[in-house]
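query_0.cif (mmCIF, C-alpha atoms; chains and numbers go by the auth columns) appears below.
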data_data
#
loop_
_atom_site.group_PDB
_atom_site.id
_atom_site.type_symbol
_atom_site.label_atom_id
_atom_site.label_comp_id
_atom_site.label_asym_id
_atom_site.label_seq_id
_atom_site.Cartn_x
_atom_site.Cartn_y
_atom_site.Cartn_z
_atom_site.B_iso_or_equiv
_atom_site.auth_seq_id
_atom_site.auth_asym_id
ATOM 1 C CA ILE A 1 12.027 3.440 -13.255 0.00 1 A
ATOM 2 C CA VAL A 2 14.619 0.951 -14.475 0.00 2 A
ATOM 3 C CA LEU A 3 14.053 -1.290 -11.437 0.00 3 A
ATOM 4 C CA SER A 4 10.284 -1.177 -11.931 0.00 4 A
ATOM 5 C CA VAL A 5 10.650 -2.190 -15.614 0.00 5 A
ATOM 6 C CA VAL A 6 12.948 -5.059 -14.645 0.00 6 A
ATOM 7 C CA ALA A 7 10.546 -6.122 -11.874 0.00 7 A
ATOM 8 C CA LEU A 8 7.570 -6.023 -14.255 0.00 8 A
ATOM 9 C CA VAL A 9 9.401 -8.216 -16.781 0.00 9 A
ATOM 10 C CA ILE A 10 10.593 -10.713 -14.161 0.00 10 A
ATOM 11 C CA LEU A 11 7.238 -10.787 -12.367 0.00 11 A
ATOM 12 C CA SER A 12 5.082 -10.907 -15.520 0.00 12 A
ATOM 13 C CA PRO A 13 4.224 -14.629 -15.075 0.00 13 A
ATOM 14 C CA LEU A 14 3.109 -13.925 -11.488 0.00 14 A
ATOM 15 C CA LEU A 15 1.111 -10.888 -12.633 0.00 15 A
ATOM 16 C CA LEU A 16 -0.687 -12.983 -15.257 0.00 16 A
ATOM 17 C CA LEU A 17 -1.392 -15.825 -12.802 0.00 17 A
ATOM 18 C CA THR A 18 -2.719 -13.348 -10.251 0.00 18 A
ATOM 19 C CA ALA A 19 -5.034 -11.765 -12.831 0.00 19 A
ATOM 20 C CA LEU A 20 -6.306 -15.215 -13.798 0.00 20 A
ATOM 21 C CA ALA A 21 -6.855 -16.192 -10.142 0.00 21 A
ATOM 22 C CA ILE A 22 -8.898 -13.030 -9.554 0.00 22 A
ATOM 23 C CA ARG A 23 -11.053 -13.774 -12.614 0.00 23 A
ATOM 24 C CA VAL A 24 -11.708 -17.348 -11.457 0.00 24 A
ATOM 25 C CA ASP A 25 -12.274 -16.422 -7.783 0.00 25 A
ATOM 26 C CA SER A 26 -14.780 -13.582 -8.093 0.00 26 A
ATOM 27 C CA THR A 27 -16.656 -11.264 -10.409 0.00 27 A
ATOM 28 C CA GLY A 28 -15.475 -7.760 -11.141 0.00 28 A
ATOM 29 C CA ALA A 29 -12.434 -6.039 -12.555 0.00 29 A
ATOM 30 C CA VAL A 30 -8.965 -7.520 -12.067 0.00 30 A
ATOM 31 C CA LEU A 31 -7.432 -4.145 -11.257 0.00 31 A
ATOM 32 C CA PHE A 32 -8.676 -1.878 -8.513 0.00 32 A
ATOM 33 C CA ARG A 33 -8.201 1.830 -9.221 0.00 33 A
ATOM 34 C CA GLN A 34 -8.345 4.322 -6.390 0.00 34 A
ATOM 35 C CA THR A 35 -7.594 8.025 -6.035 0.00 35 A
ATOM 36 C CA ARG A 36 -4.625 8.573 -3.743 0.00 36 A
ATOM 37 C CA VAL A 37 -2.645 11.613 -2.607 0.00 37 A
ATOM 38 C CA GLY A 38 0.933 11.944 -3.816 0.00 38 A
ATOM 39 C CA ARG A 39 3.811 14.335 -3.438 0.00 39 A
ATOM 40 C CA GLY A 40 2.717 17.870 -2.638 0.00 40 A
ATOM 41 C CA GLY A 41 -0.920 16.797 -2.310 0.00 41 A
ATOM 42 C CA LYS A 42 -1.273 15.917 -6.003 0.00 42 A
ATOM 43 C CA LEU A 43 -4.051 13.395 -6.671 0.00 43 A
ATOM 44 C CA PHE A 44 -3.339 10.344 -8.817 0.00 44 A
ATOM 45 C CA THR A 45 -4.891 6.968 -9.611 0.00 45 A
ATOM 46 C CA ALA A 46 -3.182 4.086 -7.807 0.00 46 A
ATOM 47 C CA TYR A 47 -3.436 0.564 -9.180 0.00 47 A
ATOM 48 C CA LYS A 48 -3.751 -2.645 -7.183 0.00 48 A
ATOM 49 C CA PHE A 49 -4.962 -6.137 -7.865 0.00 49 A
ATOM 50 C CA ARG A 50 -8.508 -6.347 -6.580 0.00 50 A
ATOM 51 C CA SER A 51 -8.540 -8.248 -3.289 0.00 51 A
ATOM 52 C CA MET A 52 -12.115 -7.453 -2.212 0.00 52 A
ATOM 53 C CA ARG A 53 -15.500 -8.178 -3.677 0.00 53 A
ATOM 54 C CA ALA A 54 -16.957 -5.617 -6.052 0.00 54 A
ATOM 55 C CA GLY A 55 -18.548 -2.667 -4.209 0.00 55 A
ATOM 56 C CA ALA A 56 -16.487 -3.176 -1.039 0.00 56 A
ATOM 57 C CA GLU A 57 -15.654 0.532 -0.696 0.00 57 A
ATOM 58 C CA GLN A 58 -19.322 1.363 -0.157 0.00 58 A
ATOM 59 C CA GLU A 59 -19.467 -1.150 2.733 0.00 59 A
ATOM 60 C CA GLN A 60 -16.643 0.410 4.778 0.00 60 A
ATOM 61 C CA GLU A 61 -18.895 2.850 6.636 0.00 61 A
ATOM 62 C CA GLN A 62 -20.948 -0.069 7.967 0.00 62 A
ATOM 63 C CA LEU A 63 -17.743 -1.673 9.291 0.00 63 A
ATOM 64 C CA ALA A 64 -16.331 1.504 10.891 0.00 64 A
ATOM 65 C CA GLY A 65 -16.944 0.201 14.418 0.00 65 A
ATOM 66 C CA LEU A 66 -14.691 -2.793 13.714 0.00 66 A
ATOM 67 C CA ASN A 67 -11.672 -0.712 12.644 0.00 67 A
ATOM 68 C CA GLU A 68 -8.452 -2.064 14.188 0.00 68 A
ATOM 69 C CA ALA A 69 -6.185 0.794 13.057 0.00 69 A
ATOM 70 C CA SER A 70 -5.441 4.082 14.753 0.00 70 A
ATOM 71 C CA GLY A 71 -5.720 7.552 13.271 0.00 71 A
ATOM 72 C CA PRO A 72 -7.384 8.035 9.903 0.00 72 A
ATOM 73 C CA LEU A 73 -6.564 4.525 8.637 0.00 73 A
ATOM 74 C CA PHE A 74 -9.091 1.709 8.306 0.00 74 A
ATOM 75 C CA LYS A 75 -7.842 -1.865 8.731 0.00 75 A
ATOM 76 C CA MET A 76 -9.373 -5.157 9.824 0.00 76 A
ATOM 77 C CA LYS A 77 -7.518 -8.450 10.259 0.00 77 A
ATOM 78 C CA ASN A 78 -10.528 -10.480 9.146 0.00 78 A
ATOM 79 C CA ASP A 79 -12.181 -8.074 6.767 0.00 79 A
ATOM 80 C CA PRO A 80 -15.325 -9.843 5.488 0.00 80 A
ATOM 81 C CA ARG A 81 -15.074 -7.998 2.155 0.00 81 A
ATOM 82 C CA LEU A 82 -11.905 -9.875 1.133 0.00 82 A
ATOM 83 C CA THR A 83 -12.186 -12.605 -1.468 0.00 83 A
ATOM 84 C CA ARG A 84 -10.542 -15.995 -0.887 0.00 84 A
ATOM 85 C CA MET A 85 -7.624 -15.121 -3.164 0.00 85 A
ATOM 86 C CA GLY A 86 -7.637 -11.547 -1.866 0.00 86 A
ATOM 87 C CA ARG A 87 -6.647 -12.770 1.607 0.00 87 A
ATOM 88 C CA ILE A 88 -3.579 -14.431 0.105 0.00 88 A
ATOM 89 C CA PHE A 89 -2.740 -11.403 -2.039 0.00 89 A
ATOM 90 C CA ARG A 90 -2.936 -9.075 0.980 0.00 90 A
ATOM 91 C CA ARG A 91 -0.778 -11.259 3.230 0.00 91 A
ATOM 92 C CA THR A 92 1.876 -11.612 0.526 0.00 92 A
ATOM 93 C CA SER A 93 1.531 -8.026 -0.804 0.00 93 A
ATOM 94 C CA ILE A 94 0.926 -9.387 -4.306 0.00 94 A
ATOM 95 C CA ASP A 95 -2.011 -6.977 -4.544 0.00 95 A
ATOM 96 C CA GLU A 96 0.491 -4.079 -4.538 0.00 96 A
ATOM 97 C CA LEU A 97 2.465 -5.212 -7.612 0.00 97 A
ATOM 98 C CA PRO A 98 0.470 -3.156 -10.164 0.00 98 A
ATOM 99 C CA GLN A 99 1.830 -0.074 -8.396 0.00 99 A
ATOM 100 C CA LEU A 100 5.007 -0.734 -10.383 0.00 100 A
ATOM 101 C CA PHE A 101 3.034 0.923 -13.212 0.00 101 A
ATOM 102 C CA ASN A 102 2.526 3.945 -10.919 0.00 102 A
ATOM 103 C CA VAL A 103 6.316 4.085 -10.540 0.00 103 A
ATOM 104 C CA LEU A 104 6.685 4.060 -14.332 0.00 104 A
ATOM 105 C CA LYS A 105 4.153 6.905 -14.615 0.00 105 A
ATOM 106 C CA GLY A 106 6.071 8.958 -12.030 0.00 106 A
ATOM 107 C CA ASP A 107 3.247 8.984 -9.473 0.00 107 A
ATOM 108 C CA MET A 108 5.134 6.778 -7.031 0.00 108 A
ATOM 109 C CA SER A 109 8.593 5.554 -6.129 0.00 109 A
ATOM 110 C CA LEU A 110 9.734 2.109 -5.049 0.00 110 A
ATOM 111 C CA VAL A 111 10.422 3.488 -1.547 0.00 111 A
ATOM 112 C CA GLY A 112 8.556 6.181 0.354 0.00 112 A
ATOM 113 C CA PRO A 113 5.503 6.735 2.552 0.00 113 A
ATOM 114 C CA ARG A 114 2.400 4.786 1.542 0.00 114 A
ATOM 115 C CA PRO A 115 0.028 6.893 -0.591 0.00 115 A
ATOM 116 C CA PRO A 116 -2.932 7.989 1.544 0.00 116 A
ATOM 117 C CA LEU A 117 -6.559 8.396 0.558 0.00 117 A
ATOM 118 C CA PRO A 118 -7.889 11.971 0.288 0.00 118 A
ATOM 119 C CA SER A 119 -10.291 11.187 3.163 0.00 119 A
ATOM 120 C CA GLU A 120 -7.316 10.219 5.343 0.00 120 A
ATOM 121 C CA VAL A 121 -5.390 13.395 4.486 0.00 121 A
ATOM 122 C CA ALA A 122 -8.477 15.428 5.451 0.00 122 A
ATOM 123 C CA GLN A 123 -8.064 14.027 8.986 0.00 123 A
ATOM 124 C CA TYR A 124 -4.301 14.672 9.239 0.00 124 A
ATOM 125 C CA GLU A 125 -2.849 16.805 11.972 0.00 125 A
ATOM 126 C CA GLU A 126 -0.458 19.418 10.613 0.00 126 A
ATOM 127 C CA TRP A 127 2.687 17.366 11.378 0.00 127 A
ATOM 128 C CA HIS A 128 1.271 14.335 9.508 0.00 128 A
ATOM 129 C CA LYS A 129 1.350 16.359 6.271 0.00 129 A
ATOM 130 C CA ARG A 130 5.143 16.032 6.153 0.00 130 A
ATOM 131 C CA ARG A 131 4.473 12.595 4.613 0.00 131 A
ATOM 132 C CA LEU A 132 3.420 14.423 1.459 0.00 132 A
ATOM 133 C CA GLU A 133 6.831 16.077 0.939 0.00 133 A
ATOM 134 C CA VAL A 134 8.136 13.135 -1.092 0.00 134 A
ATOM 135 C CA SER A 135 6.724 10.727 -3.646 0.00 135 A
ATOM 136 C CA PRO A 136 4.793 7.880 -2.069 0.00 136 A
ATOM 137 C CA GLY A 137 6.315 4.421 -2.283 0.00 137 A
ATOM 138 C CA ILE A 138 5.397 0.800 -2.715 0.00 138 A
ATOM 139 C CA SER A 139 7.570 -0.008 0.306 0.00 139 A
ATOM 140 C CA GLY A 140 8.931 2.002 3.201 0.00 140 A
ATOM 141 C CA LEU A 141 10.441 1.812 6.662 0.00 141 A
ATOM 142 C CA TRP A 142 7.082 0.679 8.056 0.00 142 A
ATOM 143 C CA GLN A 143 7.225 -2.456 5.844 0.00 143 A
ATOM 144 C CA GLY A 144 10.039 -3.989 7.890 0.00 144 A
ATOM 145 C CA SER A 145 8.983 -2.431 11.175 0.00 145 A
ATOM 146 C CA GLY A 146 5.673 -4.075 11.927 0.00 146 A
ATOM 147 C CA ARG A 147 3.412 -3.012 9.030 0.00 147 A
ATOM 148 C CA SER A 148 -0.205 -3.001 10.227 0.00 148 A
ATOM 149 C CA LEU A 149 0.902 -3.571 13.832 0.00 149 A
ATOM 150 C CA LEU A 150 2.156 0.032 14.015 0.00 150 A
ATOM 151 C CA THR A 151 -0.029 2.911 15.108 0.00 151 A
ATOM 152 C CA PHE A 152 -0.659 5.634 12.556 0.00 152 A
ATOM 153 C CA ASP A 153 1.568 8.077 14.469 0.00 153 A
ATOM 154 C CA GLU A 154 4.396 5.496 14.572 0.00 154 A
ATOM 155 C CA MET A 155 4.072 5.040 10.812 0.00 155 A
ATOM 156 C CA VAL A 156 4.204 8.819 10.272 0.00 156 A
ATOM 157 C CA MET A 157 7.288 9.118 12.508 0.00 157 A
ATOM 158 C CA LEU A 158 9.031 6.443 10.412 0.00 158 A
ATOM 159 C CA ASP A 159 8.043 8.327 7.251 0.00 159 A
ATOM 160 C CA ILE A 160 9.461 11.585 8.636 0.00 160 A
ATOM 161 C CA PHE A 161 12.668 9.804 9.651 0.00 161 A
ATOM 162 C CA TYR A 162 12.909 8.484 6.085 0.00 162 A
ATOM 163 C CA ILE A 163 12.344 11.952 4.589 0.00 163 A
ATOM 164 C CA GLU A 164 14.940 13.573 6.853 0.00 164 A
ATOM 165 C CA ASN A 165 17.548 10.844 6.319 0.00 165 A
ATOM 166 C CA TRP A 166 16.961 9.870 2.688 0.00 166 A
ATOM 167 C CA SER A 167 19.854 8.336 0.783 0.00 167 A
ATOM 168 C CA LEU A 168 20.230 5.795 -1.982 0.00 168 A
ATOM 169 C CA ALA A 169 21.813 3.460 0.589 0.00 169 A
ATOM 170 C CA LEU A 170 18.728 3.786 2.822 0.00 170 A
ATOM 171 C CA ASP A 171 16.443 2.980 -0.142 0.00 171 A
ATOM 172 C CA ILE A 172 18.503 -0.129 -0.939 0.00 172 A
ATOM 173 C CA LYS A 173 18.440 -1.184 2.724 0.00 173 A
ATOM 174 C CA ILE A 174 14.645 -0.768 2.855 0.00 174 A
ATOM 175 C CA LEU A 175 14.154 -2.727 -0.380 0.00 175 A
ATOM 176 C CA LEU A 176 16.346 -5.557 0.936 0.00 176 A
ATOM 177 C CA ARG A 177 14.393 -5.609 4.237 0.00 177 A
ATOM 178 C CA THR A 178 11.105 -5.668 2.327 0.00 178 A
ATOM 179 C CA VAL A 179 11.684 -9.113 0.821 0.00 179 A
ATOM 180 C CA PRO A 180 11.918 -11.081 4.107 0.00 180 A
ATOM 181 C CA SER A 181 9.141 -8.948 5.612 0.00 181 A
ATOM 182 C CA VAL A 182 6.797 -9.779 2.736 0.00 182 A
ATOM 183 C CA LEU A 183 7.766 -13.455 2.776 0.00 183 A
ATOM 184 C CA SER A 184 7.099 -13.742 6.514 0.00 184 A
ATOM 185 C CA ALA A 185 3.823 -11.754 6.200 0.00 185 A
ATOM 186 C CA HIS A 186 4.457 -10.418 9.741 0.00 186 A
ATOM 187 C CA GLY A 187 1.931 -7.703 10.520 0.00 187 A
ATOM 188 C CA ALA A 188 0.258 -7.968 7.113 0.00 188 A
ATOM 189 C CA TYR A 189 -3.510 -7.641 6.778 0.00 189 A
#

Let me see the structure of the file written as structure tokens.
Amino acid sequence: IVLSVVALVILSPLLLLTALAIRVDSTGAVLFRQTRVGRGGKLFTAYKFRSMRAGAEQEQEQLAGLNEASGPLFKMKNDPRLTRMGRIFRRTSIDELPQLFNVLKGDMSLVGPRPPLPSEVAQYEEWHKRRLEVSPGISGLWQGSGRSLLTFDEMVMLDIFYIENWSLALDIKILLRTVPSVLSAHGAY
């Protein structure tokens, strides 16, 4: 919580510039709110900067055949729903910064498995549900291990490794690995 407050204060100019860029670039809300699944299967509202045009969620079914991710995830390198600024925000993970407010609310942690959608959890195999044993995080082992280049099962295995080997030192190591991973944008889309 302390780190998220410090990050919000330090990053406040970037947060304001991002909000302004979204307003100038496209119509719609600056923040995107979406129901996600947290620890123990509890539903919560996750916050992100909007990176897609308004109504993009309703278009996903039409794009299902172009999905480049495995398992229950949906990802496209060149998703046509992204706004101009949204492409930049996704590659740099700036769109994730409002999740610092989710950390303050206690819905998320700085480090942990990414929070899944309820529709994704509905498709989980039993062993995938281990991801829900801890609070979801803004960053995790997957962040420095290939991000979107990983298969869903590889991501889950990293999450389980994290859960079974959690320590404050591991969290610090993951946070320190996140910075160069975000700056390089390797595997981000």

Expanded to explicit residues, what is the PyMOL selection byres ((chain A and resi 71) around 9) for this file, as a PyMOL selection string?
-> chain A and resi 69-70+72-74+120+123-124+151-153

Between CA of Gly40 (chain A) and CA of Glu61 (chain A), what is the distance, to one decimal in Å?
->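 According to the coordinates, CA of Gly40 (chain A) and CA of Glu61 (chain A) are separated by 27.9 Å.
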
Can you write out as CSV which residues of region 18-136 of chain A fall within 9 Å of region 166-179 of chain A, alongside each residue's closest atom pair and its distance in Å to one decimal, counting all atoms listed in the file and ordering rows by chain and ascending residue number?
residue,atom,partner,partner_atom,distance
A:Leu110,CA,A:Leu175,CA,8.0
A:Val111,CA,A:Asp171,CA,6.2
A:Gly112,CA,A:Asp171,CA,8.5

Could you give me, as CSV, a per-residue list for region 54-168 of chain A showing, wherever an atom lies at most 10 Å from an atom of region 22-33 of chain A, the closest pair of atoms and their distance in Å to one decimal, using only C-alpha atoms and sorting by chain then residue number from low to high?
residue,atom,partner,partner_atom,distance
A:Ala54,CA,A:Gly28,CA,5.7
A:Gly55,CA,A:Gly28,CA,9.1
A:Thr83,CA,A:Ser26,CA,7.2
A:Arg84,CA,A:Asp25,CA,7.1
A:Met85,CA,A:Asp25,CA,6.7
A:Gly86,CA,A:Ile22,CA,7.9
A:Phe89,CA,A:Ile22,CA,9.9
A:Asp95,CA,A:Leu31,CA,9.1
A:Pro98,CA,A:Leu31,CA,8.0

Let's have the selection written as a tab-separated table (two decimals), in the frame of the given file, with C-alpha atoms.
chain	number	residue	atom	x	y	z
A	54	ALA	CA	-16.96	-5.62	-6.05
A	55	GLY	CA	-18.55	-2.67	-4.21
A	83	THR	CA	-12.19	-12.60	-1.47
A	84	ARG	CA	-10.54	-16.00	-0.89
A	85	MET	CA	-7.62	-15.12	-3.16
A	86	GLY	CA	-7.64	-11.55	-1.87
A	89	PHE	CA	-2.74	-11.40	-2.04
A	95	ASP	CA	-2.01	-6.98	-4.54
A	98	PRO	CA	0.47	-3.16	-10.16

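Considering the residues A:Arg91, A:Ile138, A:Glu68, A:Glu133 and counting all atoms listed in the file, Ser109 (chain A) has its shortest atom-to-atom contact with A:Ile138.
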
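Nearest residue to Leu149 (chain A), choosing from A:Ser51, A:Leu97, A:Ala64, A:Met76 and counting all atoms listed in the file: A:Met76.
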